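Source file: data.cif. Holds: mmCIF, C-alpha atoms.
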```cif
data_start
loop_
_atom_site.label_atom_id
_atom_site.label_comp_id
_atom_site.auth_asym_id
_atom_site.auth_seq_id
_atom_site.Cartn_x
_atom_site.Cartn_y
_atom_site.Cartn_z
CA PRO D 1 -19.05 34.58 -5.19
CA ALA D 2 -16.36 34.20 -7.83
CA PRO D 3 -12.95 32.53 -7.57
CA SER D 4 -10.62 35.11 -6.10
CA ARG D 5 -7.19 33.57 -5.79
CA ASP D 6 -4.82 31.04 -7.24
CA PHE D 7 -3.06 28.65 -4.89
CA ALA D 8 -0.15 27.10 -6.75
CA GLY D 9 -0.46 23.32 -6.89
CA TRP D 10 -3.90 23.37 -5.25
CA PHE D 11 -6.34 25.57 -7.13
CA GLU D 12 -6.28 27.79 -10.19
CA ALA D 13 -9.04 30.27 -10.96
CA GLY D 14 -10.13 30.59 -14.55
CA GLU D 15 -12.68 32.74 -16.33
CA THR D 16 -15.91 33.88 -14.65
CA ARG D 17 -18.85 34.66 -16.95
CA PHE D 18 -22.29 35.89 -15.97
CA SER D 19 -25.59 36.63 -17.67
CA GLY D 20 -29.15 37.37 -16.68
CA ASN D 21 -31.93 39.92 -16.80
CA ALA D 22 -30.47 42.43 -14.33
CA ALA D 23 -30.30 46.07 -15.34
CA GLN D 24 -26.70 46.19 -14.09
CA MET D 25 -24.19 43.34 -13.73
CA SER D 26 -20.49 43.50 -13.02
CA LEU D 27 -17.61 41.53 -11.55
CA GLY D 28 -16.49 43.30 -8.39
CA SER D 29 -13.94 42.77 -5.66
CA ASP D 30 -13.47 43.77 -2.05
CA ALA D 31 -10.49 46.13 -1.79
CA ARG D 32 -9.53 44.90 1.68
CA SER D 33 -9.71 41.12 1.23
CA GLY D 34 -9.50 40.66 -2.54
CA ALA D 35 -12.69 38.56 -2.54
CA ARG D 36 -14.40 38.66 -5.94
CA PHE D 37 -18.11 38.50 -6.62
CA VAL D 38 -20.75 39.21 -9.24
CA GLU D 39 -22.96 42.19 -8.42
CA ALA D 40 -26.38 42.51 -10.00
CA ALA D 41 -29.20 45.04 -9.64
CA TRP D 42 -32.72 44.58 -10.94
CA THR D 43 -35.22 47.35 -11.58
CA GLY D 44 -38.30 45.23 -10.94
CA GLY D 45 -41.03 43.67 -12.98
CA GLU D 46 -39.85 40.21 -13.88
CA ALA D 47 -38.38 37.51 -11.66
CA PRO D 48 -34.62 38.06 -11.18
CA VAL D 49 -32.37 35.70 -13.12
CA LEU D 50 -28.58 35.53 -12.76
CA GLU D 51 -26.31 32.76 -13.98
CA VAL D 52 -22.66 32.74 -12.93
CA VAL D 53 -20.23 30.27 -14.45
CA SER D 54 -16.67 30.06 -13.15
CA ARG D 55 -14.00 27.73 -14.45
CA VAL D 56 -11.45 26.36 -12.01
CA SER D 57 -8.74 23.73 -11.95
CA THR D 58 -8.24 21.73 -8.77
CA ARG D 59 -6.03 18.92 -7.62
CA ASP D 60 -6.34 16.37 -4.82
CA ARG D 61 -3.99 17.21 -1.98
CA ALA D 62 -3.49 16.22 1.62
CA VAL D 63 -1.47 17.86 4.37
CA ASP D 64 -0.10 16.02 7.37
CA LEU D 65 -0.11 18.65 10.13
CA SER D 66 1.99 16.39 12.34
CA ARG D 67 4.87 16.90 9.88
CA PRO D 68 4.97 20.65 9.19
CA ARG D 69 6.67 21.89 6.05
CA ALA D 70 8.42 25.15 5.37
CA VAL D 71 6.13 28.06 6.16
CA GLU D 72 5.11 30.34 3.32
CA GLN D 73 6.08 33.87 4.27
CA LEU D 74 3.36 36.52 4.28
CA SER D 75 3.95 40.05 3.05
CA ALA D 76 3.70 42.79 5.69
CA ARG D 77 0.29 43.76 4.23
CA GLU D 78 -1.01 40.16 4.37
CA ARG D 79 0.29 39.66 7.90
CA ALA D 80 -1.42 42.84 9.11
CA LEU D 81 -4.67 41.87 7.36
CA TYR D 82 -4.68 38.32 8.78
CA LEU D 83 -3.96 39.55 12.33
CA ALA D 84 -6.48 42.40 12.34
CA SER D 85 -9.41 42.76 14.68
CA THR D 86 -12.72 43.63 13.00
CA ASP D 87 -16.03 44.95 14.23
CA ARG D 88 -17.53 41.44 13.89
CA VAL D 89 -14.44 39.58 15.12
CA PRO D 90 -12.74 41.54 17.90
CA LEU D 91 -9.63 39.98 19.40
CA ASP D 92 -10.02 41.18 22.98
CA GLY D 93 -12.52 40.51 25.77
CA VAL D 94 -14.36 37.20 25.63
CA VAL D 95 -12.62 36.19 22.38
CA ARG D 96 -9.15 36.55 23.92
CA GLN D 97 -10.23 34.96 27.21
CA THR D 98 -11.72 31.96 25.43
CA SER D 99 -8.72 31.60 23.16
CA ASP D 100 -6.28 31.77 26.08
CA ALA D 101 -8.23 29.08 27.96
CA ILE D 102 -8.28 26.78 24.91
CA VAL D 103 -4.51 26.99 24.29
CA ALA D 104 -3.38 26.83 27.92
CA GLY D 105 -0.31 24.62 28.08
CA LYS D 106 0.28 24.62 24.32
CA ALA D 107 3.69 25.86 23.20
CA THR D 108 3.85 25.92 19.39
CA GLU D 109 1.61 27.64 16.87
CA ILE D 110 0.64 24.26 15.40
CA GLU D 111 -0.39 22.98 18.85
CA LYS D 112 -2.41 26.14 19.50
CA VAL D 113 -4.18 26.08 16.15
CA ARG D 114 -4.94 22.35 16.49
CA ALA D 115 -6.38 22.92 19.99
CA ILE D 116 -8.57 25.78 18.73
CA TYR D 117 -9.72 23.71 15.74
CA GLU D 118 -10.65 20.77 17.96
CA TRP D 119 -12.46 23.08 20.40
CA VAL D 120 -14.49 24.63 17.58
CA VAL D 121 -15.38 21.18 16.20
CA GLU D 122 -16.46 19.97 19.66
CA HIS D 123 -18.42 23.10 20.66
CA THR D 124 -20.14 24.25 17.47
CA TYR D 125 -22.69 22.75 15.12
CA ARG D 126 -24.28 23.62 11.82
CA ASP D 127 -27.77 24.92 12.43
CA PRO D 128 -29.84 24.76 9.22
CA ALA D 129 -32.42 27.11 10.78
CA THR D 130 -29.85 29.94 10.80
CA PRO D 131 -30.90 32.57 8.24
CA GLY D 132 -28.63 33.03 5.22
CA CYS D 133 -24.98 32.24 5.92
CA GLY D 134 -25.19 33.42 9.54
CA ALA D 135 -24.78 36.65 11.47
CA CYS D 136 -21.00 36.53 12.05
CA ASN D 137 -21.26 37.64 15.66
CA VAL D 138 -18.42 35.88 17.46
CA VAL D 139 -18.87 37.79 20.74
CA ASP D 140 -22.57 36.89 20.92
CA MET D 141 -21.81 33.22 20.27
CA LEU D 142 -19.24 33.08 23.07
CA GLN D 143 -21.23 35.15 25.57
CA SER D 144 -24.56 33.41 24.97
CA GLY D 145 -23.23 29.88 24.56
CA ARG D 146 -25.41 29.48 21.43
CA MET D 147 -22.79 27.80 19.28
CA GLY D 148 -24.94 26.81 16.31
CA GLY D 149 -24.78 28.59 12.99
CA LYS D 150 -23.52 28.42 9.47
CA CYS D 151 -20.28 29.21 7.67
CA ALA D 152 -20.30 32.95 8.46
CA ASP D 153 -20.65 32.09 12.16
CA ILE D 154 -18.31 29.15 12.69
CA ASN D 155 -15.45 30.16 10.35
CA PRO D 156 -14.99 33.64 11.88
CA LEU D 157 -15.11 32.10 15.35
CA PHE D 158 -12.12 29.91 14.47
CA VAL D 159 -10.29 32.82 12.79
CA GLY D 160 -10.86 35.15 15.76
CA LEU D 161 -9.68 32.60 18.31
CA VAL D 162 -6.52 31.97 16.27
CA ARG D 163 -5.82 35.66 15.64
CA ALA D 164 -6.26 36.37 19.37
CA GLN D 165 -3.11 34.25 19.83
CA GLY D 166 -1.16 36.44 17.39
CA ILE D 167 -1.28 33.78 14.67
CA PRO D 168 -2.34 35.00 11.21
CA ALA D 169 -5.61 33.46 10.00
CA ARG D 170 -8.16 34.19 7.29
CA ASP D 171 -11.57 33.12 6.14
CA LEU D 172 -11.69 31.33 2.82
CA PHE D 173 -15.05 30.22 1.53
CA GLY D 174 -15.58 27.89 -1.36
CA LEU D 175 -18.02 25.77 -3.22
CA ARG D 176 -17.72 22.00 -3.29
CA VAL D 177 -17.12 21.06 -6.91
CA ALA D 178 -16.24 17.38 -6.45
CA PRO D 179 -16.83 14.68 -3.87
CA SER D 180 -14.79 15.20 -0.72
CA ARG D 181 -12.23 12.63 0.32
#
```
Produce structure tokens that represent the structure in this file.
Amino acid sequence: PAPSRDFAGWFEAGETRFSGNAAQMSLGSDARSGARFVEAAWTGGEAPVLEVVSRVSTRDRAVDLSRPRAVEQLSARERALYLASTDRVPLDGVVRQTSDAIVAGKATEIEKVRAIYEWVVEHTYRDPATPGCGACNVVDMLQSGRMGGKCADINPLFVGLVRAQGIPARDLFGLRVAPSR
């Protein structure tokens, strides 16, 4: 992964450099999401080596969700992207049914998102035995009741449950670069 976005007052992406013994190396990006990453391909022989160095600037911040601020407006493209169903995160069937049950009785978007967040925290767990970053199969998690996984399991579950309520949501993944407070 490489830093993909700037968030004014929170995070600023700087230069990303990479080196190694790959036959091909490049900085790429996903056209749909804008996520950036280093791609490398090796031809074989020696052990693969790839070093990626990204510079970022961060700042400590805290948000009090009980005192909402002005909402940043999304462009039509962003809104459509952050409300879209995907093959891994459909917004109908068991995802919609679960989401509706979680937010029953909640009126505002903040109340709904908070209820979904708390439900995900209470019902999921990080499972270190999960291969890689996880399978990202929200439907399987909800149908099977196996709620353990890693970031690519639990994050999309939250996003899908929120989107099923017509509230824009997105996955953002990061690397911890300083102690968390």
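From CA of Ala104 (chain D) back to CA of Leu172 (chain D), the distance works out to 26.8 Å.
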So that I can see what lies close to region 125-129 of chain D, please list as a ChimeraX atom specification the residues with an atom at most 6 Å from it, counting all atoms listed in the file and leaving out residues fewer than 2 positions away in the same chain. /D:148-150
With C-alpha atoms retained, could you export that selection as a PDB file, in the coordinates of the input?
```pdb
ATOM      1  CA  GLY D 148     -24.940  26.810  16.310  1.00  0.00           C
ATOM      2  CA  GLY D 149     -24.780  28.590  12.990  1.00  0.00           C
ATOM      3  CA  LYS D 150     -23.520  28.420   9.470  1.00  0.00           C
TER       4      LYS D 150
END
```
Run the PyMOL selection byres ((chain D and resi 147) around 12) on the file and write out the hits as an NGL selection string. :D and (119-127 or 130 or 134-146 or 148-151 or 153-155 or 157-158)
Taking the file as I've supplied it (selection: the PyMOL selection byres ((chain D and resi 96) around 10)), which residues are included? Please answer as a PyMOL selection string. chain D and resi 90-95+97-102+160-165
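Using all atoms listed in the file, the nearest neighbour of Phe11 (chain D) within the list D:Ile167, D:Ala31, D:Ala107, D:Val56 is D:Val56.
Across D:Ala8, D:Ala115, D:Val49, D:Val103, the tightest approach to Glu72 (chain D) is made by D:Ala8 when counting only C-alpha atoms.
Among the candidate residues D:Ser26, D:Thr43, D:Ser33, D:Ser19, the one lying nearest to Arg77 (chain D) is D:Ser33, with distances computed using all atoms listed in the file.
In this structure, CA of Val53 (chain D) sits 5.6 Å away from CA of Thr16 (chain D).
Between CA of Ala169 (chain D) and CA of Thr108 (chain D) there is a distance of 15.3 Å.
Comparing the minimum interatomic distances between Glu15 (chain D) and each of D:Gln73, D:Ser85, D:Ser66, D:Ser54, counting only C-alpha atoms, we find that D:Ser54 sits nearest.
Ranking D:Thr58, D:Arg32, D:Ala47, D:Val52 by their shortest atom-to-atom distance to Gly9 (chain D), with only C-alpha atoms included, puts D:Thr58 first.
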Shortest contact to Pro156 (chain D), candidates D:Ser29, D:Gln24, D:Ser57, D:Thr86, atoms counted only C-alpha atoms, goes to D:Thr86
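Residues matched by the PyMOL selection byres ((chain D and resi 2) around 6) in this file are Pro1, Pro3, Arg36 and Phe37 of chain D.
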